[in-house]
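**Q** Could you have a look at this structure, given as structure tokens, before my questions?
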Amino acid sequence: MAWVEQRGMKFRVRLRMTDGTVTTDSTHDRRADAVIRAKEIDVEVARDTFIDPRGGRIPLAEWVPIWESTHQASPATWAAYRSHLRLHILPTLGPLPLVDIRRQHIKTLAVALGKRLAPRSVADVIMVLSMVLQEAVEDRRIPFNPCRGIRIPKGIRAERPHATAEQVAAIVARQARPSDGLMVLTAAYTGMRWGELAGLHRDNLDLTLGSIYVHPDTGALHEVEGKLYLGPPKTNDSVRHIRLPRFLTNLLATHLAEHLHDTVFPGARGYHQRRSNFNRRAWTPALTGGPQRDIPPILPGMHFHDLRHTHKTWLIEDGIPEIAQARRLGHRLAGVRGIYSHVTEPMITNLVDALQRRWETTHPDRPNSTLRHLRPVA
């Protein structure tokens with residue numbers, strides 16, 4: 001049972017906990033308010049909804065490690081979470097006890113972040129903070145999540161560029177290392193993600209069938225805090241077999257015959273490539289061109305990931321069923337469409353034939369041969 005005690009000019013609500021200790025629930029300016037709160041506590045205790053105020057007095061900076069110890073996420077996701085916590089959340093809110101974090105604290109943080117971060121980045125930071133505080137609610141340390149209901153404008157996402165087959169061929173032709181050019185070509189004609197290509201092992205490439213297998217355990221290259229490692233692809237649906245058009249199978253066969261590395265698209269020293277290095281060395285120069293040498297740009301601002309957008313656009317142009325598009329890209333159709341739609345062998349044949357025709361239209365003189373001789377990787 002809770003009771004009211006006067007302390008100076010204030011009135012505090014006291015109660016005895018199940019372990020025999022006496023604690024203060026809250027402090028009020030008026031006795032009437034304290035009496036009402038004491039009655040509320042009695043009701044909450046009877047309904048087993050009472051929240052021990054001591055649990056919420058832990059500072060956010062001390063609660064975060066407790067949350068981290070049981071929260072499950074991939075290493076790459078953890079790297080992003082920890083970055084948001086270290087750079088944006090804990091410097092501002094870390095010293096505050098959980099019970100003292102108010103809605104206005106969250107909105108003030110969002111406004112401050114909005115002055116130096118993109119809208120989607122602000123939304124990501126607040127999302128992480130909301131997860132941390134929601135766990136405190138579930139742990140019955142605080143009665144509600146102060147992040148709940150706060151809307152962060154995500155801005156208008158600009159439509160990403162996509163390339164034509166001719167533009168892809170031009171980007172490939174500008175690569176100093178033919179291995180990089182073949183990697184770009186494979187991305188455009190398969191829709192594979194960067195990590196799936198950069199981590200592709202030759203054992204997962206079936207040149208007889210003309211198929212790439214994205215392995216469930218080692219199907220993608222990840223980079224976390226500067227370290228590279230092979231791990232699962234992005235989602236369970238990303239585990240898939242990707243059928244290749246005939247020309248691409250021939251190109252990859254020639255490529256693999258000319259180097260002995262396990263990785264299909266290795267760096268200059270035979271190891272896995274870093275995305276930042278590839279962008280700086282190969283991708284960006286090919287797109288920006290060289291105005292001083294009268295080399296025009298090709299889709300400046302396009303990202304390597306936009307080759308997935310390119311592949312999806314080609315499949316739509318070729319009239320490929322949506323379910324076949326989704327499976328090829330490692331996506332799952334939602335709702336009834338995903339349950340009752342299935343990919344058939346004729347769908348796959350039509351898909352790869354359409355990609356072959358697209359290639360032959362761009363390279364009518366060499367439908368099945370290499371763009372140029374593929375040098376061994378040093």
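Here, A, B, ... name the chains of the structure tokens in the order displayed, residue numbers run from 1 inside each chain, and ligands are numbered from 1 in the same displayed order.
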Which residues come within 12 Å of Pro346 in chain A, counting only C-alpha atoms, excluding same-chain residues fewer than 4 positions away, as a ChimeraX atom specification?
**A** /A:320-321,324,342,350-353
**Q** Suppose we keep N, CA and C atoms; can you now write the selection as a compact mmCIF listing (two decimals), in the first residue's frame?
**A**
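Okay, selection.txt is ready:
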```
# COMPACT_ATOMS: atom_id res chain seq x y z
N ILE A 320 8.88 -9.80 -68.44
CA ILE A 320 9.10 -10.95 -67.58
C ILE A 320 8.10 -10.90 -66.42
N PRO A 321 7.46 -12.03 -66.08
CA PRO A 321 6.50 -12.02 -64.95
C PRO A 321 7.14 -11.50 -63.66
N ALA A 324 9.07 -13.93 -61.41
CA ALA A 324 10.41 -14.30 -61.89
C ALA A 324 11.39 -13.16 -61.65
N HIS A 342 4.43 -18.78 -58.89
CA HIS A 342 5.56 -19.70 -58.93
C HIS A 342 6.35 -19.48 -60.21
N ASN A 350 12.66 -17.82 -71.04
CA ASN A 350 12.31 -16.55 -71.68
C ASN A 350 13.15 -15.41 -71.14
N LEU A 351 13.42 -15.46 -69.82
CA LEU A 351 14.19 -14.39 -69.19
C LEU A 351 15.62 -14.34 -69.74
N VAL A 352 16.31 -15.48 -69.72
CA VAL A 352 17.70 -15.49 -70.17
C VAL A 352 17.79 -15.27 -71.67
N ASP A 353 16.80 -15.72 -72.44
CA ASP A 353 16.80 -15.47 -73.88
C ASP A 353 16.65 -13.97 -74.16
```
**Q** Extract, using only C-alpha atoms, all DNA, RNA and protein residues at most 8 Å from Leu182 in chain A, discarding same-chain residues fewer than 5 positions from it, and format them as number ranges by chain.
**A** A: 172, 251-252
**Q** I'd like the neighbourhood of range 274-283 of chain A as a list in words, where a residue qualifies if any of its atoms comes within 8 Å (using only C-alpha atoms), though same-chain residues fewer than 4 positions away should be ignored.
**A** Gln175, Ala176, Asp180, Trp194, Glu223, Leu228, Leu287 and Phe304 of chain A
**Q** Taking the DSSP secondary structure from the backbone, can you list the residues of range 35-245 of chain A that are alpha helix (DSSP H), as JSON, numbers by chain?
**A** {"A": [35, 36, 37, 38, 39, 40, 41, 42, 43, 44, 45, 46, 47, 60, 61, 62, 63, 64, 65, 66, 67, 68, 69, 70, 75, 76, 77, 78, 79, 80, 81, 82, 83, 84, 90, 91, 92, 93, 103, 104, 105, 106, 107, 108, 109, 110, 111, 112, 113, 114, 119, 120, 121, 122, 123, 124, 125, 126, 127, 128, 129, 130, 131, 132, 133, 134, 135, 136, 137, 138, 165, 166, 167, 168, 169, 170, 171, 172, 173, 178, 179, 180, 181, 182, 183, 184, 185, 186, 187, 188, 189, 190, 194, 195, 196, 197, 198]}
**Q** Between CA of Val224 in chain A and CA of Glu62 in chain A, what distance in Å does the model show, to one decimal?
**A**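 Computing the Euclidean distance for CA of Val224 in chain A and CA of Glu62 in chain A yields 24.4 Å.
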**Q** Rounded to one decimal in Å, what is the spacing between CA of Trp67 in chain A and CA of Ala220 in chain A?
**A** 27.7 Å
**Q** For range 331-337 of chain A, work out the shell of residues within 9 Å, counting only C-alpha atoms and skipping chain neighbours fewer than 3 positions away, then give it as JSON, numbers by chain.
**A** {"A": [235, 237, 238, 322, 323, 325, 326, 327, 328, 340, 341]}
**Q** If you measure from CA of Leu205 in chain A to CA of Arg243 in chain A, what distance in Å do you get, rounded to one decimal?
**A**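 Value for the CA of Leu205 in chain A-CA of Arg243 in chain A distance: 10.1 Å.
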**Q** What's the 12 Å shell around range 101-111 of chain A, counting only C-alpha atoms, without same-chain residues fewer than 5 positions away, as a short mmCIF file (atom, residue, chain, number, x, y, z; two decimals) with all heavy atoms, in the first residue's frame?
**A**
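What ended up in around.cif:
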```cif
data_model
loop_
_atom_site.label_atom_id
_atom_site.label_comp_id
_atom_site.auth_asym_id
_atom_site.auth_seq_id
_atom_site.Cartn_x
_atom_site.Cartn_y
_atom_site.Cartn_z
N GLY A 56 13.81 2.47 -13.77
CA GLY A 56 13.95 3.52 -14.77
C GLY A 56 14.94 4.59 -14.42
O GLY A 56 15.15 5.52 -15.21
N ARG A 57 15.56 4.48 -13.26
CA ARG A 57 16.53 5.50 -12.86
C ARG A 57 17.92 5.25 -13.44
O ARG A 57 18.82 6.05 -13.25
CB ARG A 57 16.59 5.59 -11.34
CG ARG A 57 15.31 6.16 -10.74
CD ARG A 57 15.29 6.05 -9.23
NE ARG A 57 13.96 6.42 -8.70
CZ ARG A 57 13.52 6.07 -7.51
NH1 ARG A 57 14.28 5.32 -6.72
NH2 ARG A 57 12.31 6.44 -7.10
N ILE A 58 18.07 4.12 -14.12
CA ILE A 58 19.35 3.83 -14.76
C ILE A 58 19.56 4.78 -15.93
O ILE A 58 18.65 5.01 -16.73
CB ILE A 58 19.40 2.36 -15.22
CG1 ILE A 58 20.74 2.03 -15.86
CG2 ILE A 58 18.27 2.07 -16.20
CD1 ILE A 58 20.89 0.57 -16.23
N PRO A 59 20.75 5.38 -16.07
CA PRO A 59 20.99 6.28 -17.21
C PRO A 59 20.94 5.51 -18.54
O PRO A 59 21.22 4.31 -18.60
CB PRO A 59 22.40 6.82 -16.95
CG PRO A 59 22.62 6.62 -15.49
CD PRO A 59 21.87 5.38 -15.12
N LEU A 60 20.58 6.22 -19.58
CA LEU A 60 20.50 5.59 -20.90
C LEU A 60 21.84 4.97 -21.28
O LEU A 60 21.88 3.88 -21.87
CB LEU A 60 20.10 6.64 -21.95
CG LEU A 60 20.04 6.15 -23.40
CD1 LEU A 60 18.95 5.09 -23.56
CD2 LEU A 60 19.81 7.32 -24.35
N HIS A 88 25.48 10.07 -32.19
CA HIS A 88 24.33 10.96 -32.17
C HIS A 88 23.46 10.85 -30.92
O HIS A 88 22.89 11.85 -30.49
CB HIS A 88 23.45 10.68 -33.41
CG HIS A 88 24.20 10.74 -34.70
ND1 HIS A 88 24.91 11.84 -35.11
CD2 HIS A 88 24.35 9.80 -35.68
CE1 HIS A 88 25.46 11.60 -36.30
NE2 HIS A 88 25.14 10.37 -36.66
N ILE A 89 23.32 9.66 -30.35
CA ILE A 89 22.35 9.47 -29.27
C ILE A 89 22.98 9.66 -27.90
O ILE A 89 22.52 10.49 -27.09
CB ILE A 89 21.70 8.08 -29.38
CG1 ILE A 89 20.90 7.98 -30.69
CG2 ILE A 89 20.79 7.82 -28.19
CD1 ILE A 89 20.35 6.60 -30.98
N LEU A 90 24.02 8.91 -27.60
CA LEU A 90 24.59 8.93 -26.25
C LEU A 90 25.23 10.26 -25.88
O LEU A 90 25.15 10.66 -24.70
CB LEU A 90 25.59 7.78 -26.10
CG LEU A 90 24.97 6.39 -26.14
CD1 LEU A 90 26.03 5.32 -25.95
CD2 LEU A 90 23.88 6.25 -25.07
N PRO A 91 25.89 10.99 -26.79
CA PRO A 91 26.45 12.29 -26.39
C PRO A 91 25.39 13.25 -25.86
O PRO A 91 25.67 14.10 -25.02
CB PRO A 91 27.08 12.82 -27.68
CG PRO A 91 27.43 11.60 -28.45
CD PRO A 91 26.30 10.64 -28.17
N THR A 92 24.16 13.12 -26.36
CA THR A 92 23.10 14.05 -25.95
C THR A 92 22.25 13.49 -24.81
O THR A 92 21.98 14.19 -23.83
CB THR A 92 22.19 14.36 -27.16
OG1 THR A 92 22.97 14.91 -28.21
CG2 THR A 92 21.10 15.35 -26.77
N LEU A 93 21.82 12.25 -24.93
CA LEU A 93 20.86 11.69 -23.98
C LEU A 93 21.47 10.67 -23.03
O LEU A 93 20.79 10.22 -22.10
CB LEU A 93 19.70 11.02 -24.74
CG LEU A 93 18.92 11.92 -25.70
CD1 LEU A 93 17.82 11.11 -26.39
CD2 LEU A 93 18.33 13.12 -24.98
N GLY A 94 22.71 10.29 -23.24
CA GLY A 94 23.34 9.26 -22.44
C GLY A 94 23.26 9.46 -20.94
O GLY A 94 22.97 8.52 -20.18
N PRO A 95 23.51 10.66 -20.41
CA PRO A 95 23.48 10.85 -18.94
C PRO A 95 22.08 10.80 -18.33
O PRO A 95 21.95 10.66 -17.11
CB PRO A 95 24.10 12.24 -18.76
CG PRO A 95 24.82 12.54 -20.04
CD PRO A 95 24.03 11.85 -21.10
N LEU A 96 21.04 10.95 -19.14
CA LEU A 96 19.68 11.04 -18.58
C LEU A 96 19.17 9.67 -18.12
O LEU A 96 19.32 8.67 -18.84
CB LEU A 96 18.71 11.59 -19.63
CG LEU A 96 18.86 13.06 -20.02
CD1 LEU A 96 17.84 13.41 -21.10
CD2 LEU A 96 18.67 13.96 -18.81
N ARG A 116 22.26 18.67 -39.88
CA ARG A 116 23.53 18.19 -40.43
C ARG A 116 23.44 16.81 -41.07
O ARG A 116 24.42 16.34 -41.62
CB ARG A 116 24.60 18.16 -39.35
CG ARG A 116 24.22 17.46 -38.07
CD ARG A 116 25.21 17.76 -36.95
NE ARG A 116 24.83 17.21 -35.68
CZ ARG A 116 25.14 16.00 -35.24
NH1 ARG A 116 25.89 15.22 -36.00
NH2 ARG A 116 24.76 15.60 -34.05
N LEU A 117 22.26 16.18 -41.00
CA LEU A 117 22.10 14.85 -41.61
C LEU A 117 20.92 14.86 -42.58
O LEU A 117 20.02 15.71 -42.48
CB LEU A 117 21.85 13.78 -40.54
CG LEU A 117 22.95 13.53 -39.51
CD1 LEU A 117 22.48 12.46 -38.52
CD2 LEU A 117 24.25 13.11 -40.17
N ALA A 118 20.95 13.94 -43.50
CA ALA A 118 19.83 13.77 -44.43
C ALA A 118 18.61 13.27 -43.66
O ALA A 118 18.75 12.60 -42.62
CB ALA A 118 20.21 12.78 -45.53
N PRO A 119 17.40 13.57 -44.15
CA PRO A 119 16.18 13.14 -43.44
C PRO A 119 16.14 11.64 -43.15
O PRO A 119 15.73 11.23 -42.06
CB PRO A 119 15.06 13.56 -44.40
CG PRO A 119 15.63 14.72 -45.16
CD PRO A 119 17.08 14.39 -45.32
N ARG A 120 16.56 10.82 -44.09
CA ARG A 120 16.50 9.37 -43.86
C ARG A 120 17.50 8.95 -42.78
O ARG A 120 17.26 8.00 -42.03
CB ARG A 120 16.77 8.62 -45.16
CG ARG A 120 15.68 8.78 -46.21
CD ARG A 120 15.83 7.77 -47.32
NE ARG A 120 15.64 6.42 -46.82
CZ ARG A 120 14.47 5.83 -46.68
NH1 ARG A 120 13.35 6.49 -46.97
NH2 ARG A 120 14.39 4.58 -46.25
N SER A 121 18.63 9.65 -42.70
CA SER A 121 19.61 9.34 -41.65
C SER A 121 19.05 9.70 -40.29
O SER A 121 19.25 8.97 -39.31
CB SER A 121 20.92 10.09 -41.91
OG SER A 121 21.51 9.67 -43.13
N VAL A 122 18.35 10.83 -40.20
CA VAL A 122 17.72 11.22 -38.94
C VAL A 122 16.69 10.17 -38.52
O VAL A 122 16.63 9.76 -37.35
CB VAL A 122 17.04 12.60 -39.07
CG1 VAL A 122 16.30 12.96 -37.77
CG2 VAL A 122 18.07 13.67 -39.40
N ALA A 123 15.90 9.71 -39.48
CA ALA A 123 14.90 8.68 -39.17
C ALA A 123 15.56 7.40 -38.68
O ALA A 123 15.06 6.74 -37.76
CB ALA A 123 14.05 8.40 -40.42
N ASP A 124 16.69 7.04 -39.25
CA ASP A 124 17.40 5.83 -38.81
C ASP A 124 17.90 5.97 -37.37
O ASP A 124 17.82 5.02 -36.58
CB ASP A 124 18.58 5.56 -39.74
CG ASP A 124 18.14 5.07 -41.11
OD1 ASP A 124 16.98 4.64 -41.24
OD2 ASP A 124 18.96 5.13 -42.06
N VAL A 125 18.42 7.15 -37.02
CA VAL A 125 18.91 7.38 -35.66
C VAL A 125 17.77 7.27 -34.65
O VAL A 125 17.89 6.60 -33.62
CB VAL A 125 19.60 8.75 -35.56
CG1 VAL A 125 19.94 9.07 -34.10
CG2 VAL A 125 20.86 8.80 -36.41
N ILE A 126 16.66 7.92 -34.94
CA ILE A 126 15.51 7.89 -34.03
C ILE A 126 14.94 6.48 -33.95
O ILE A 126 14.46 6.04 -32.89
CB ILE A 126 14.44 8.89 -34.48
CG1 ILE A 126 15.02 10.31 -34.50
CG2 ILE A 126 13.24 8.84 -33.54
CD1 ILE A 126 15.60 10.77 -33.17
N MET A 127 15.00 5.73 -35.04
CA MET A 127 14.54 4.34 -35.02
C MET A 127 15.35 3.50 -34.04
O MET A 127 14.80 2.70 -33.28
CB MET A 127 14.63 3.76 -36.43
CG MET A 127 14.17 2.31 -36.54
SD MET A 127 15.52 1.12 -36.30
CE MET A 127 16.55 1.45 -37.72
N VAL A 128 16.68 3.69 -34.03
CA VAL A 128 17.53 2.96 -33.10
C VAL A 128 17.20 3.35 -31.66
O VAL A 128 17.06 2.49 -30.78
CB VAL A 128 19.02 3.23 -33.40
CG1 VAL A 128 19.90 2.59 -32.33
CG2 VAL A 128 19.39 2.67 -34.77
N LEU A 129 17.04 4.64 -31.41
CA LEU A 129 16.69 5.10 -30.07
C LEU A 129 15.36 4.52 -29.63
O LEU A 129 15.18 4.11 -28.47
CB LEU A 129 16.66 6.63 -30.04
CG LEU A 129 16.24 7.27 -28.72
CD1 LEU A 129 17.15 6.85 -27.57
CD2 LEU A 129 16.23 8.80 -28.85
N SER A 130 14.41 4.47 -30.55
CA SER A 130 13.09 3.92 -30.23
C SER A 130 13.19 2.44 -29.85
O SER A 130 12.53 1.98 -28.91
CB SER A 130 12.14 4.09 -31.42
OG SER A 130 10.86 3.59 -31.12
N LEU A 133 14.56 2.20 -26.27
CA LEU A 133 13.58 2.59 -25.24
C LEU A 133 12.39 1.63 -25.20
O LEU A 133 11.81 1.42 -24.14
CB LEU A 133 13.11 4.02 -25.51
CG LEU A 133 14.18 5.10 -25.33
CD1 LEU A 133 13.63 6.48 -25.68
CD2 LEU A 133 14.72 5.10 -23.90
N ALA A 136 13.13 -1.08 -22.95
CA ALA A 136 12.97 -0.66 -21.55
C ALA A 136 11.51 -0.74 -21.12
O ALA A 136 11.20 -1.07 -19.97
CB ALA A 136 13.51 0.76 -21.36
N ILE A 142 10.17 1.61 -17.77
CA ILE A 142 9.46 2.86 -18.01
C ILE A 142 8.06 2.50 -18.52
O ILE A 142 7.86 1.44 -19.13
CB ILE A 142 10.19 3.76 -19.02
CG1 ILE A 142 10.48 2.99 -20.33
CG2 ILE A 142 11.48 4.30 -18.42
CD1 ILE A 142 11.15 3.85 -21.40
N PRO A 143 7.08 3.37 -18.29
CA PRO A 143 5.70 3.02 -18.64
C PRO A 143 5.39 3.13 -20.12
O PRO A 143 4.45 2.49 -20.61
CB PRO A 143 4.87 4.02 -17.83
CG PRO A 143 5.78 5.20 -17.63
CD PRO A 143 7.16 4.63 -17.51
N PHE A 144 6.11 3.97 -20.87
CA PHE A 144 5.81 4.16 -22.28
C PHE A 144 7.09 4.58 -23.01
O PHE A 144 8.07 5.02 -22.40
CB PHE A 144 4.71 5.21 -22.48
CG PHE A 144 5.10 6.57 -22.00
CD1 PHE A 144 5.70 7.49 -22.85
CD2 PHE A 144 4.88 6.95 -20.68
CE1 PHE A 144 6.06 8.75 -22.41
CE2 PHE A 144 5.25 8.21 -20.23
CZ PHE A 144 5.83 9.10 -21.09
N ASN A 145 7.05 4.45 -24.32
CA ASN A 145 8.19 4.82 -25.16
C ASN A 145 8.01 6.27 -25.63
O ASN A 145 7.08 6.54 -26.41
CB ASN A 145 8.27 3.88 -26.36
CG ASN A 145 9.48 4.14 -27.24
OD1 ASN A 145 10.17 5.13 -27.08
ND2 ASN A 145 9.71 3.24 -28.18
N PRO A 146 8.86 7.19 -25.23
CA PRO A 146 8.69 8.59 -25.64
C PRO A 146 8.90 8.81 -27.13
O PRO A 146 8.56 9.88 -27.64
CB PRO A 146 9.74 9.33 -24.81
CG PRO A 146 10.76 8.30 -24.46
CD PRO A 146 10.01 7.02 -24.32
N CYS A 147 9.45 7.84 -27.83
CA CYS A 147 9.63 7.98 -29.28
C CYS A 147 8.35 7.66 -30.05
O CYS A 147 8.25 8.00 -31.23
CB CYS A 147 10.74 7.06 -29.78
SG CYS A 147 12.40 7.48 -29.22
N ARG A 148 7.44 6.99 -29.39
CA ARG A 148 6.24 6.52 -30.08
C ARG A 148 5.44 7.67 -30.64
O ARG A 148 5.15 8.66 -29.95
CB ARG A 148 5.37 5.70 -29.13
CG ARG A 148 4.20 5.01 -29.82
CD ARG A 148 3.44 4.13 -28.86
NE ARG A 148 2.86 4.90 -27.77
CZ ARG A 148 2.23 4.36 -26.74
NH1 ARG A 148 2.14 3.05 -26.64
NH2 ARG A 148 1.72 5.13 -25.80
N GLY A 149 5.10 7.56 -31.92
CA GLY A 149 4.26 8.57 -32.56
C GLY A 149 5.01 9.75 -33.13
O GLY A 149 4.41 10.60 -33.79
N ILE A 150 6.30 9.83 -32.88
CA ILE A 150 7.08 10.94 -33.45
C ILE A 150 7.40 10.61 -34.90
O ILE A 150 8.03 9.60 -35.20
CB ILE A 150 8.38 11.17 -32.65
CG1 ILE A 150 8.05 11.63 -31.23
CG2 ILE A 150 9.27 12.19 -33.36
CD1 ILE A 150 9.27 11.88 -30.38
N ARG A 151 6.99 11.47 -35.78
CA ARG A 151 7.19 11.24 -37.21
C ARG A 151 8.38 12.08 -37.70
O ARG A 151 8.41 13.29 -37.47
CB ARG A 151 5.94 11.59 -38.01
CG ARG A 151 4.76 10.68 -37.66
CD ARG A 151 3.57 10.97 -38.58
NE ARG A 151 2.46 10.06 -38.28
CZ ARG A 151 2.34 8.84 -38.81
NH1 ARG A 151 3.25 8.41 -39.64
NH2 ARG A 151 1.31 8.09 -38.50
N ILE A 152 9.30 11.43 -38.34
CA ILE A 152 10.46 12.11 -38.89
C ILE A 152 10.30 12.15 -40.40
O ILE A 152 10.26 11.10 -41.05
CB ILE A 152 11.77 11.38 -38.53
CG1 ILE A 152 11.85 11.16 -37.02
CG2 ILE A 152 12.97 12.15 -39.04
CD1 ILE A 152 11.88 12.43 -36.20
N PRO A 153 10.17 13.34 -40.99
CA PRO A 153 10.06 13.40 -42.46
C PRO A 153 11.28 12.77 -43.11
O PRO A 153 12.41 13.09 -42.78
CB PRO A 153 9.99 14.92 -42.74
CG PRO A 153 9.58 15.54 -41.44
CD PRO A 153 10.15 14.68 -40.36
N LYS A 154 11.02 11.82 -44.01
CA LYS A 154 12.13 11.12 -44.68
C LYS A 154 12.53 11.79 -45.99
O LYS A 154 13.44 11.32 -46.66
CB LYS A 154 11.74 9.67 -44.93
CG LYS A 154 11.54 8.87 -43.66
CD LYS A 154 11.27 7.41 -43.96
CE LYS A 154 11.12 6.60 -42.68
NZ LYS A 154 10.87 5.17 -42.94
#
```
**Q** Hey, which of A:Ala354, A:Ala76, A:Ile242, A:Ile36 ends up closest to Gly226 in chain A? Count only C-alpha atoms.
**A** A:Ala76
**Q** Need the shell around Thr313 in chain A: protein/DNA/RNA residues with any atom at most 12 Å away, counting only C-alpha atoms. Skip same-chain ones fewer than 2 positions apart. Format as a list in words?
**A**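 That gives Arg160, Pro161, His162, Ala163, Thr164, Ala165, Ala188, Tyr189, Thr190, Gly191, Asp306, Leu307, Arg308, His309, Thr310, His311, Leu315, Ile316, Glu317, Asp318, Gly319, Ile320, Glu322, Gln325, Leu329 and Leu355 of chain A.
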**Q** Going by DSSP on the backbone, which bits of range 114-271 of chain A are strand (DSSP E)? Write them as a list in words, please.
**A** Leu205, Asp206, Ser211, Ile212, Tyr213, Ala220, Leu221, His222, Glu223, Val224, Lys227, Leu228, Tyr229, Leu230, Gly231, His241, Ile242 and Arg243 of chain A
**Q** Skip Ile171 in chain A itself and residues of its chain fewer than 3 positions away, then list as a PyMOL selection string all residues within 9 Å of it, counting only C-alpha atoms.
**A** chain A and resi 166-168+174-175+181+184-185+283+286-287+298
**Q** Of the candidates A:Thr21, A:Met192, A:Val45, A:Arg12, which one gets nearest to Lys312 in chain A if we count only C-alpha atoms?
**A**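 That would be A:Met192, the residue with the smallest distance to Lys312 in chain A.
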